[in-house]
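The next block is entry-v7.pdb, given as PDB, C-alpha atoms and all ligand atoms.
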ATOM      1  CA  MET K   1       3.595   1.778  18.849  1.00  0.00           C
ATOM      2  CA  LYS K   2       7.152   2.989  19.000  1.00  0.00           C
ATOM      3  CA  GLU K   3       9.105   4.835  16.377  1.00  0.00           C
ATOM      4  CA  ILE K   4      12.325   3.388  14.973  1.00  0.00           C
ATOM      5  CA  SER K   5      14.626   4.408  12.147  1.00  0.00           C
ATOM      6  CA  ALA K   6      14.008   2.690   8.799  1.00  0.00           C
ATOM      7  CA  PHE K   7      17.585   1.391   9.089  1.00  0.00           C
ATOM      8  CA  GLU K   8      16.654  -0.461  12.301  1.00  0.00           C
ATOM      9  CA  LEU K   9      13.907  -2.457  10.588  1.00  0.00           C
ATOM     10  CA  ASP K  10      15.061  -6.077  10.703  1.00  0.00           C
ATOM     11  CA  LYS K  11      12.158  -7.581   8.733  1.00  0.00           C
ATOM     12  CA  ASN K  12      12.801  -9.429   5.472  1.00  0.00           C
ATOM     13  CA  VAL K  13      11.240  -7.092   2.919  1.00  0.00           C
ATOM     14  CA  PHE K  14      10.325  -9.912   0.473  1.00  0.00           C
ATOM     15  CA  GLU K  15       8.370 -11.624   3.223  1.00  0.00           C
ATOM     16  CA  MET K  16       6.837  -8.382   4.487  1.00  0.00           C
ATOM     17  CA  ILE K  17       5.439  -7.360   1.097  1.00  0.00           C
ATOM     18  CA  GLY K  18       4.975 -10.656  -0.737  1.00  0.00           C
ATOM     19  CA  LYS K  19       3.775 -12.905   2.084  1.00  0.00           C
ATOM     20  CA  ASP K  20       2.507 -10.777   4.984  1.00  0.00           C
ATOM     21  CA  TRP K  21       0.972  -8.169   2.629  1.00  0.00           C
ATOM     22  CA  LEU K  22       0.477  -4.448   3.071  1.00  0.00           C
ATOM     23  CA  LEU K  23      -2.564  -2.299   3.679  1.00  0.00           C
ATOM     24  CA  VAL K  24      -2.171   0.856   1.611  1.00  0.00           C
ATOM     25  CA  THR K  25      -4.202   3.569   3.301  1.00  0.00           C
ATOM     26  CA  ALA K  26      -4.849   7.189   2.378  1.00  0.00           C
ATOM     27  CA  GLU K  27      -7.292   9.970   3.195  1.00  0.00           C
ATOM     28  CA  LYS K  28      -9.250  12.299   0.951  1.00  0.00           C
ATOM     29  CA  ASP K  29     -11.669  15.001   2.106  1.00  0.00           C
ATOM     30  CA  GLY K  30     -11.904  13.432   5.561  1.00  0.00           C
ATOM     31  CA  ARG K  31     -12.675   9.930   4.253  1.00  0.00           C
ATOM     32  CA  VAL K  32     -10.191   7.056   4.516  1.00  0.00           C
ATOM     33  CA  ASN K  33      -9.888   4.048   2.198  1.00  0.00           C
ATOM     34  CA  THR K  34      -7.548   1.091   2.264  1.00  0.00           C
ATOM     35  CA  MET K  35      -6.592  -1.842   0.043  1.00  0.00           C
ATOM     36  CA  THR K  36      -4.341  -4.850   0.271  1.00  0.00           C
ATOM     37  CA  ALA K  37      -1.129  -4.875  -1.758  1.00  0.00           C
ATOM     38  CA  SER K  38       1.449  -7.624  -2.190  1.00  0.00           C
ATOM     39  CA  TRP K  39       3.560  -6.054  -4.918  1.00  0.00           C
ATOM     40  CA  GLY K  40       6.124  -3.370  -4.306  1.00  0.00           C
ATOM     41  CA  SER K  41       9.499  -2.857  -2.768  1.00  0.00           C
ATOM     42  CA  ALA K  42      11.463  -0.858  -0.246  1.00  0.00           C
ATOM     43  CA  GLY K  43      14.996   0.431  -0.556  1.00  0.00           C
ATOM     44  CA  ILE K  44      16.986   3.584  -1.061  1.00  0.00           C
ATOM     45  CA  MET K  45      16.145   6.200  -3.668  1.00  0.00           C
ATOM     46  CA  TRP K  46      17.243   9.795  -3.950  1.00  0.00           C
ATOM     47  CA  GLY K  47      19.344   9.261  -0.836  1.00  0.00           C
ATOM     48  CA  ASN K  48      16.520   8.183   1.489  1.00  0.00           C
ATOM     49  CA  PRO K  49      14.551   5.094   2.557  1.00  0.00           C
ATOM     50  CA  THR K  50      11.814   4.826  -0.065  1.00  0.00           C
ATOM     51  CA  ALA K  51       8.817   2.563  -0.653  1.00  0.00           C
ATOM     52  CA  PHE K  52       7.533   1.662  -4.108  1.00  0.00           C
ATOM     53  CA  ILE K  53       3.955   0.539  -4.602  1.00  0.00           C
ATOM     54  CA  PHE K  54       2.050  -0.351  -7.772  1.00  0.00           C
ATOM     55  CA  ILE K  55      -1.646   0.488  -8.035  1.00  0.00           C
ATOM     56  CA  ARG K  56      -4.006  -0.397 -10.893  1.00  0.00           C
ATOM     57  CA  PRO K  57      -6.147   2.439 -12.278  1.00  0.00           C
ATOM     58  CA  GLN K  58      -9.483   0.941 -11.223  1.00  0.00           C
ATOM     59  CA  ARG K  59      -8.649   0.841  -7.488  1.00  0.00           C
ATOM     60  CA  PHE K  60     -10.777   3.231  -5.456  1.00  0.00           C
ATOM     61  CA  THR K  61      -7.783   3.678  -3.159  1.00  0.00           C
ATOM     62  CA  LYS K  62      -5.892   5.231  -6.072  1.00  0.00           C
ATOM     63  CA  THR K  63      -8.096   8.321  -5.946  1.00  0.00           C
ATOM     64  CA  PHE K  64      -7.226   8.682  -2.252  1.00  0.00           C
ATOM     65  CA  ILE K  65      -3.489   8.243  -2.864  1.00  0.00           C
ATOM     66  CA  ASP K  66      -3.608  10.727  -5.750  1.00  0.00           C
ATOM     67  CA  ASN K  67      -5.332  13.327  -3.579  1.00  0.00           C
ATOM     68  CA  SER K  68      -3.001  13.097  -0.622  1.00  0.00           C
ATOM     69  CA  GLU K  69       0.620  14.006  -0.037  1.00  0.00           C
ATOM     70  CA  PHE K  70       1.023  10.989   2.247  1.00  0.00           C
ATOM     71  CA  PHE K  71      -0.147   7.394   2.543  1.00  0.00           C
ATOM     72  CA  SER K  72       0.676   4.613   4.967  1.00  0.00           C
ATOM     73  CA  LEU K  73       1.663   0.978   4.604  1.00  0.00           C
ATOM     74  CA  SER K  74       0.497  -1.151   7.529  1.00  0.00           C
ATOM     75  CA  VAL K  75       1.631  -4.768   7.913  1.00  0.00           C
ATOM     76  CA  PRO K  76      -0.788  -6.625  10.204  1.00  0.00           C
ATOM     77  CA  GLY K  77       0.074 -10.012  11.691  1.00  0.00           C
ATOM     78  CA  ASP K  78      -1.197 -13.319  10.311  1.00  0.00           C
ATOM     79  CA  GLU K  79      -4.186 -13.223  12.678  1.00  0.00           C
ATOM     80  CA  TYR K  80      -5.615 -10.470  10.440  1.00  0.00           C
ATOM     81  CA  ARG K  81      -5.464 -12.483   7.204  1.00  0.00           C
ATOM     82  CA  LYS K  82      -9.263 -12.401   6.934  1.00  0.00           C
ATOM     83  CA  ALA K  83      -9.258  -8.585   7.069  1.00  0.00           C
ATOM     84  CA  LEU K  84      -6.455  -8.472   4.495  1.00  0.00           C
ATOM     85  CA  ASN K  85      -8.411 -10.736   2.143  1.00  0.00           C
ATOM     86  CA  TYR K  86     -11.502  -8.571   2.660  1.00  0.00           C
ATOM     87  CA  CYS K  87      -9.602  -5.344   1.909  1.00  0.00           C
ATOM     88  CA  GLY K  88      -8.120  -7.037  -1.155  1.00  0.00           C
ATOM     89  CA  THR K  89     -11.402  -8.200  -2.670  1.00  0.00           C
ATOM     90  CA  VAL K  90     -14.053  -5.631  -1.722  1.00  0.00           C
ATOM     91  CA  SER K  91     -13.965  -2.072  -3.070  1.00  0.00           C
ATOM     92  CA  GLY K  92     -14.483   1.022  -0.968  1.00  0.00           C
ATOM     93  CA  ARG K  93     -16.848   2.107  -3.741  1.00  0.00           C
ATOM     94  CA  ASP K  94     -19.290  -0.522  -2.464  1.00  0.00           C
ATOM     95  CA  GLU K  95     -18.638  -0.724   1.267  1.00  0.00           C
ATOM     96  CA  ASP K  96     -17.118   1.156   4.173  1.00  0.00           C
ATOM     97  CA  LYS K  97     -14.002  -1.001   4.360  1.00  0.00           C
ATOM     98  CA  ILE K  98     -12.676   0.516   7.555  1.00  0.00           C
ATOM     99  CA  GLN K  99     -15.792  -0.650   9.359  1.00  0.00           C
ATOM    100  CA  GLY K 100     -16.048  -3.902   7.397  1.00  0.00           C
ATOM    101  CA  SER K 101     -12.460  -4.918   8.099  1.00  0.00           C
ATOM    102  CA  GLY K 102     -12.848  -4.597  11.866  1.00  0.00           C
ATOM    103  CA  LEU K 103      -9.444  -2.909  11.979  1.00  0.00           C
ATOM    104  CA  THR K 104      -8.694   0.109  14.151  1.00  0.00           C
ATOM    105  CA  LEU K 105      -7.957   3.334  12.323  1.00  0.00           C
ATOM    106  CA  GLU K 106      -5.438   5.692  13.908  1.00  0.00           C
ATOM    107  CA  HIS K 107      -3.584   8.780  12.698  1.00  0.00           C
ATOM    108  CA  VAL K 108      -0.035   9.954  13.126  1.00  0.00           C
ATOM    109  CA  ASP K 109       0.929  13.415  11.877  1.00  0.00           C
ATOM    110  CA  GLY K 110      -2.473  13.463  10.159  1.00  0.00           C
ATOM    111  CA  VAL K 111      -1.786  10.250   8.189  1.00  0.00           C
ATOM    112  CA  PRO K 112      -4.184   7.298   8.640  1.00  0.00           C
ATOM    113  CA  TYR K 113      -2.842   3.834   9.522  1.00  0.00           C
ATOM    114  CA  PHE K 114      -4.001   0.705  11.317  1.00  0.00           C
ATOM    115  CA  LYS K 115      -3.243  -0.016  14.963  1.00  0.00           C
ATOM    116  CA  GLU K 116      -3.049  -3.740  14.116  1.00  0.00           C
ATOM    117  CA  GLY K 117       0.030  -3.104  11.951  1.00  0.00           C
ATOM    118  CA  LYS K 118       3.072  -4.842  13.417  1.00  0.00           C
ATOM    119  CA  ILE K 119       5.021  -2.496  11.189  1.00  0.00           C
ATOM    120  CA  VAL K 120       3.702   0.794   9.828  1.00  0.00           C
ATOM    121  CA  LEU K 121       5.507   2.898   7.232  1.00  0.00           C
ATOM    122  CA  ILE K 122       4.408   6.514   6.816  1.00  0.00           C
ATOM    123  CA  CYS K 123       5.207   7.534   3.255  1.00  0.00           C
ATOM    124  CA  LYS K 124       5.457  10.901   1.500  1.00  0.00           C
ATOM    125  CA  LYS K 125       4.824  10.713  -2.243  1.00  0.00           C
ATOM    126  CA  LEU K 126       7.738  11.806  -4.407  1.00  0.00           C
ATOM    127  CA  PHE K 127       6.994  10.332  -7.816  1.00  0.00           C
ATOM    128  CA  ALA K 128       4.107   8.707  -9.665  1.00  0.00           C
ATOM    129  CA  GLN K 129       4.108   7.289 -13.174  1.00  0.00           C
ATOM    130  CA  GLU K 130       1.865   4.902 -15.062  1.00  0.00           C
ATOM    131  CA  LEU K 131       3.760   1.959 -16.505  1.00  0.00           C
ATOM    132  CA  LYS K 132       3.868   2.412 -20.265  1.00  0.00           C
ATOM    133  CA  GLU K 133       3.220  -0.497 -22.619  1.00  0.00           C
ATOM    134  CA  GLU K 134       6.180   0.438 -24.807  1.00  0.00           C
ATOM    135  CA  SER K 135       8.543   0.335 -21.824  1.00  0.00           C
ATOM    136  CA  PHE K 136       8.103  -3.405 -21.250  1.00  0.00           C
ATOM    137  CA  LEU K 137      11.177  -5.143 -22.661  1.00  0.00           C
ATOM    138  CA  ASP K 138       9.689  -8.594 -22.188  1.00  0.00           C
ATOM    139  CA  LYS K 139       6.234  -8.413 -23.780  1.00  0.00           C
ATOM    140  CA  SER K 140       5.184 -11.694 -22.167  1.00  0.00           C
ATOM    141  CA  VAL K 141       4.765  -9.700 -18.943  1.00  0.00           C
ATOM    142  CA  ILE K 142       1.977  -7.740 -20.663  1.00  0.00           C
ATOM    143  CA  ASP K 143       0.267 -10.924 -21.881  1.00  0.00           C
ATOM    144  CA  LYS K 144       0.453 -12.449 -18.431  1.00  0.00           C
ATOM    145  CA  TRP K 145      -0.392  -9.525 -16.168  1.00  0.00           C
ATOM    146  CA  TYR K 146      -2.163  -6.941 -18.331  1.00  0.00           C
ATOM    147  CA  PRO K 147      -4.654  -8.670 -20.673  1.00  0.00           C
ATOM    148  CA  SER K 148      -6.934  -5.640 -20.064  1.00  0.00           C
ATOM    149  CA  LYS K 149      -4.049  -3.166 -20.441  1.00  0.00           C
ATOM    150  CA  ASP K 150      -4.782  -1.792 -16.992  1.00  0.00           C
ATOM    151  CA  PHE K 151      -1.200  -0.850 -16.296  1.00  0.00           C
ATOM    152  CA  HIS K 152      -0.190  -0.057 -12.729  1.00  0.00           C
ATOM    153  CA  THR K 153       0.882   3.371 -11.616  1.00  0.00           C
ATOM    154  CA  MET K 154       4.150   3.206  -9.721  1.00  0.00           C
ATOM    155  CA  TYR K 155       4.463   5.454  -6.693  1.00  0.00           C
ATOM    156  CA  ALA K 156       7.830   6.131  -5.102  1.00  0.00           C
ATOM    157  CA  ALA K 157       7.421   7.584  -1.623  1.00  0.00           C
ATOM    158  CA  GLU K 158       9.915   8.565   1.033  1.00  0.00           C
ATOM    159  CA  ILE K 159       9.493   6.569   4.239  1.00  0.00           C
ATOM    160  CA  VAL K 160       9.318   9.465   6.687  1.00  0.00           C
ATOM    161  CA  LYS K 161       8.319   7.465   9.786  1.00  0.00           C
ATOM    162  CA  VAL K 162       8.501   3.810  10.843  1.00  0.00           C
ATOM    163  CA  LEU K 163       6.346   2.559  13.715  1.00  0.00           C
ATOM    164  CA  ILE K 164       6.511  -0.931  15.200  1.00  0.00           C
ATOM    165  CA  GLN K 165       4.466  -2.607  17.890  1.00  0.00           C
ATOM    166  CA  ASN K 166       6.060  -2.469  21.343  1.00  0.00           C
TER     167      ASN K 166
HETATM  168  C1  LIG Q 201      -3.078 -10.437  -1.715  1.00  0.00           C
HETATM  169  C2  LIG Q 201      -3.520  -9.300  -2.564  1.00  0.00           C
HETATM  170  C3  LIG Q 201      -2.587  -8.436  -3.097  1.00  0.00           C
HETATM  171  C4  LIG Q 201      -2.963  -7.349  -3.909  1.00  0.00           C
HETATM  172  N1  LIG Q 201      -1.996  -6.510  -4.395  1.00  0.00           N
HETATM  173  C5  LIG Q 201      -2.364  -5.455  -5.167  1.00  0.00           C
HETATM  174  C6  LIG Q 201      -1.376  -4.536  -5.640  1.00  0.00           C
HETATM  175  O1  LIG Q 201      -0.170  -4.619  -5.307  1.00  0.00           O
HETATM  176  N2  LIG Q 201      -1.791  -3.532  -6.465  1.00  0.00           N
HETATM  177  C7  LIG Q 201      -3.111  -3.385  -6.831  1.00  0.00           C
HETATM  178  O2  LIG Q 201      -3.429  -2.457  -7.595  1.00  0.00           O
HETATM  179  N3  LIG Q 201      -4.063  -4.228  -6.365  1.00  0.00           N
HETATM  180  C8  LIG Q 201      -3.724  -5.234  -5.528  1.00  0.00           C
HETATM  181  N4  LIG Q 201      -4.683  -6.072  -5.019  1.00  0.00           N
HETATM  182  C9  LIG Q 201      -6.107  -5.839  -5.347  1.00  0.00           C
HETATM  183  C10 LIG Q 201      -6.809  -4.804  -4.442  1.00  0.00           C
HETATM  184  O3  LIG Q 201      -6.446  -4.938  -3.106  1.00  0.00           O
HETATM  185  C11 LIG Q 201      -8.336  -4.974  -4.605  1.00  0.00           C
HETATM  186  O4  LIG Q 201      -8.726  -4.794  -5.937  1.00  0.00           O
HETATM  187  C12 LIG Q 201      -9.153  -4.094  -3.658  1.00  0.00           C
HETATM  188  O5  LIG Q 201     -10.460  -4.610  -3.572  1.00  0.00           O
HETATM  189  C13 LIG Q 201      -9.188  -2.637  -4.109  1.00  0.00           C
HETATM  190  O6  LIG Q 201     -10.011  -1.934  -3.240  1.00  0.00           O
HETATM  191  P1  LIG Q 201     -10.480  -0.436  -3.516  1.00  0.00           P
HETATM  192  O7  LIG Q 201     -11.287  -0.434  -4.779  1.00  0.00           O
HETATM  193  O8  LIG Q 201     -11.279  -0.066  -2.292  1.00  0.00           O
HETATM  194  O9  LIG Q 201      -9.232   0.387  -3.634  1.00  0.00           O
HETATM  195  C14 LIG Q 201      -4.326  -7.145  -4.208  1.00  0.00           C
HETATM  196  C15 LIG Q 201      -5.292  -8.022  -3.677  1.00  0.00           C
HETATM  197  C16 LIG Q 201      -4.897  -9.080  -2.854  1.00  0.00           C
HETATM  198  C17 LIG Q 201      -5.949 -10.009  -2.274  1.00  0.00           C
END

Written as structure tokens, how would this file's structure read?
Ligand SMILES: Cc1cc2nc3c(=O)[nH]c(=O)nc-3n(C[C@H](O)[C@H](O)[C@H](O)COP(=O)(O)O)c2cc1C
Amino acid sequence: MKEISAFELDKNVFEMIGKDWLLVTAEKDGRVNTMTASWGSAGIMWGNPTAFIFIRPQRFTKTFIDNSEFFSLSVPGDEYRKALNYCGTVSGRDEDKIQGSGLTLEHVDGVPYFKEGKIVLICKKLFAQELKEESFLDKSVIDKWYPSKDFHTMYAAEIVKVLIQN
């Protein structure tokens, strides 16, 4: 992997998040968990490149994100679609997903990520807030996406390192 500046990233962010999908990975007490995410964004906030991810309360990965200062977003190539589907349907509460996915766990600056990521964003949490029902201006969004009222928590995290495959 080689490090580049976030400003050098020439990937379409809509495609990267919405079509390629992300693996959100974090570590807690020496154990790593990961899950697939296809919602979020990347841009500038508080003067720096920042990633925004949205995690529902029941995700096991949420406990890892909440217990760590950092998490990573790995974007594997299409050849890893099976692993992405696995990480997006099985919970780390039931299985060791690192082993089950067949992906290769690595660390940089103590933060876990996957070697198979074509792009890897190392993110430092800055802000977390659960989406509040009363804040939705268009209530049809609640009907459509939150019939169980399991509102996402939004995390804004500074992108402190960007790695791409050589
Ligand atoms: C394509 C895809 C995208 C997903 N995007 C999100 C997301 O953005 N936020 C979220 O909370 N869950 C999302 N999920 C669901 C989690 O990945 C899934 O529930 C996973 O099994 C959680 O694992 P965990 O319990 O080990 O954290 C997505 C699933 C798939 C298949």

For this session: Apply the PyMOL selection byres (((chain K and resi 97) around 12) and not hetatm) to the displayed file and report the matching residues as a PyMOL selection string.
Result: chain K and resi 23+25+31-36+60-61+83-96+98-105

For this session: Given the file shown, determine the residues that the PyMOL selection byres (((chain K and resi 79) around 12) and not hetatm) selects; report them as a VMD selection string.
Result: chain K and resid 20 75 to 78 80 to 85 103 116 to 118

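By only C-alpha atoms, and with residues fewer than 4 positions from Ser68 (chain K) along its chain excluded, the set lying at most 7 Å from it is K:Ala26, K:Glu27, K:Lys28, K:Phe64.
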
For this session: Quick one: apply the PyMOL selection byres (((chain K and resi 57) around 9) and not hetatm) to the file and drop the selected residues here as JSON, numbers by chain.
Result: {"K": [55, 56, 58, 59, 60, 62, 63, 130, 150, 151, 152, 153]}

Around ligand LIG 201 (chain Q), fit a box with edges along x, y and z, padding it by 6 Å on each side, then list its centre and edge lengths in Å to one decimal as lines of an AutoDock Vina configuration file.
center_x = -5.7
center_y = -5.0
center_z = -4.7
size_x = 23.1
size_y = 22.8
size_z = 17.9

Exercise. Which one is closest to ligand LIG 201 (chain Q): K:Val141, K:Ile44, K:Met16, K:Val160? Count all atoms listed in the file.
Worked result: K:Met16

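Proximity ranking of K:Ala42, K:Leu9, K:Ile142, K:Met154 relative to ligand LIG 201 (chain Q) places K:Met154 first, based on only C-alpha atoms and all ligand atoms.
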
Problem set entry | Counting all atoms listed in the file, the residue of K:Ser5, K:Glu15, K:Ile53, K:Phe71 that sits nearest ligand LIG 201 (chain Q) | K:Ile53

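Take the candidates K:Asp66, K:Glu3, K:Asp109, K:Glu158 and check each one against ligand LIG 201 (chain Q) using only C-alpha atoms and all ligand atoms; the shortest distance goes to K:Asp66.
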
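Coordinates place CA of Glu69 (chain K) at a distance of 19.3 Å from CA of Gly47 (chain K).
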
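For the atom pair formed by CA of Ile17 (chain K) and CA of Val120 (chain K), the distance is 12.1 Å, given to one decimal.
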
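Here CA of Ile122 (chain K) and CA of Val13 (chain K) stand 15.7 Å from one another.
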
Missing atoms of region 134-146 of chain K rebuilt to N, CA and C atoms, written as a PDB file, in the frame of the given file:
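Writing done, so here's part_3.pdb:
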ATOM      1  N   GLU K 134       4.969   0.483 -23.997  1.00  0.00           N
ATOM      2  CA  GLU K 134       6.180   0.438 -24.807  1.00  0.00           C
ATOM      3  C   GLU K 134       7.461   0.266 -23.980  1.00  0.00           C
ATOM      4  N   SER K 135       7.344   0.458 -22.671  1.00  0.00           N
ATOM      5  CA  SER K 135       8.543   0.335 -21.824  1.00  0.00           C
ATOM      6  C   SER K 135       8.822  -1.106 -21.398  1.00  0.00           C
ATOM      7  N   PHE K 136       7.870  -2.008 -21.620  1.00  0.00           N
ATOM      8  CA  PHE K 136       8.103  -3.405 -21.250  1.00  0.00           C
ATOM      9  C   PHE K 136       9.046  -4.053 -22.252  1.00  0.00           C
ATOM     10  N   LEU K 137      10.171  -4.540 -21.781  1.00  0.00           N
ATOM     11  CA  LEU K 137      11.177  -5.143 -22.661  1.00  0.00           C
ATOM     12  C   LEU K 137      10.806  -6.590 -22.965  1.00  0.00           C
ATOM     13  N   ASP K 138      10.173  -7.229 -21.988  1.00  0.00           N
ATOM     14  CA  ASP K 138       9.689  -8.594 -22.188  1.00  0.00           C
ATOM     15  C   ASP K 138       8.159  -8.514 -22.304  1.00  0.00           C
ATOM     16  N   LYS K 139       7.672  -8.613 -23.524  1.00  0.00           N
ATOM     17  CA  LYS K 139       6.234  -8.413 -23.780  1.00  0.00           C
ATOM     18  C   LYS K 139       5.366  -9.505 -23.155  1.00  0.00           C
ATOM     19  N   SER K 140       5.986 -10.621 -22.776  1.00  0.00           N
ATOM     20  CA  SER K 140       5.184 -11.694 -22.167  1.00  0.00           C
ATOM     21  C   SER K 140       4.620 -11.235 -20.813  1.00  0.00           C
ATOM     22  N   VAL K 141       5.282 -10.249 -20.207  1.00  0.00           N
ATOM     23  CA  VAL K 141       4.765  -9.700 -18.943  1.00  0.00           C
ATOM     24  C   VAL K 141       3.403  -9.053 -19.189  1.00  0.00           C
ATOM     25  N   ILE K 142       3.264  -8.390 -20.323  1.00  0.00           N
ATOM     26  CA  ILE K 142       1.977  -7.740 -20.663  1.00  0.00           C
ATOM     27  C   ILE K 142       0.902  -8.800 -20.861  1.00  0.00           C
ATOM     28  N   ASP K 143       1.245  -9.852 -21.629  1.00  0.00           N
ATOM     29  CA  ASP K 143       0.267 -10.924 -21.881  1.00  0.00           C
ATOM     30  C   ASP K 143      -0.194 -11.551 -20.565  1.00  0.00           C
ATOM     31  N   LYS K 144       0.768 -11.737 -19.668  1.00  0.00           N
ATOM     32  CA  LYS K 144       0.453 -12.449 -18.431  1.00  0.00           C
ATOM     33  C   LYS K 144      -0.313 -11.574 -17.438  1.00  0.00           C
ATOM     34  N   TRP K 145       0.126 -10.340 -17.274  1.00  0.00           N
ATOM     35  CA  TRP K 145      -0.392  -9.525 -16.168  1.00  0.00           C
ATOM     36  C   TRP K 145      -1.342  -8.412 -16.593  1.00  0.00           C
ATOM     37  N   TYR K 146      -1.342  -8.082 -17.891  1.00  0.00           N
ATOM     38  CA  TYR K 146      -2.163  -6.941 -18.331  1.00  0.00           C
ATOM     39  C   TYR K 146      -3.022  -7.267 -19.561  1.00  0.00           C
TER      40      TYR K 146
END
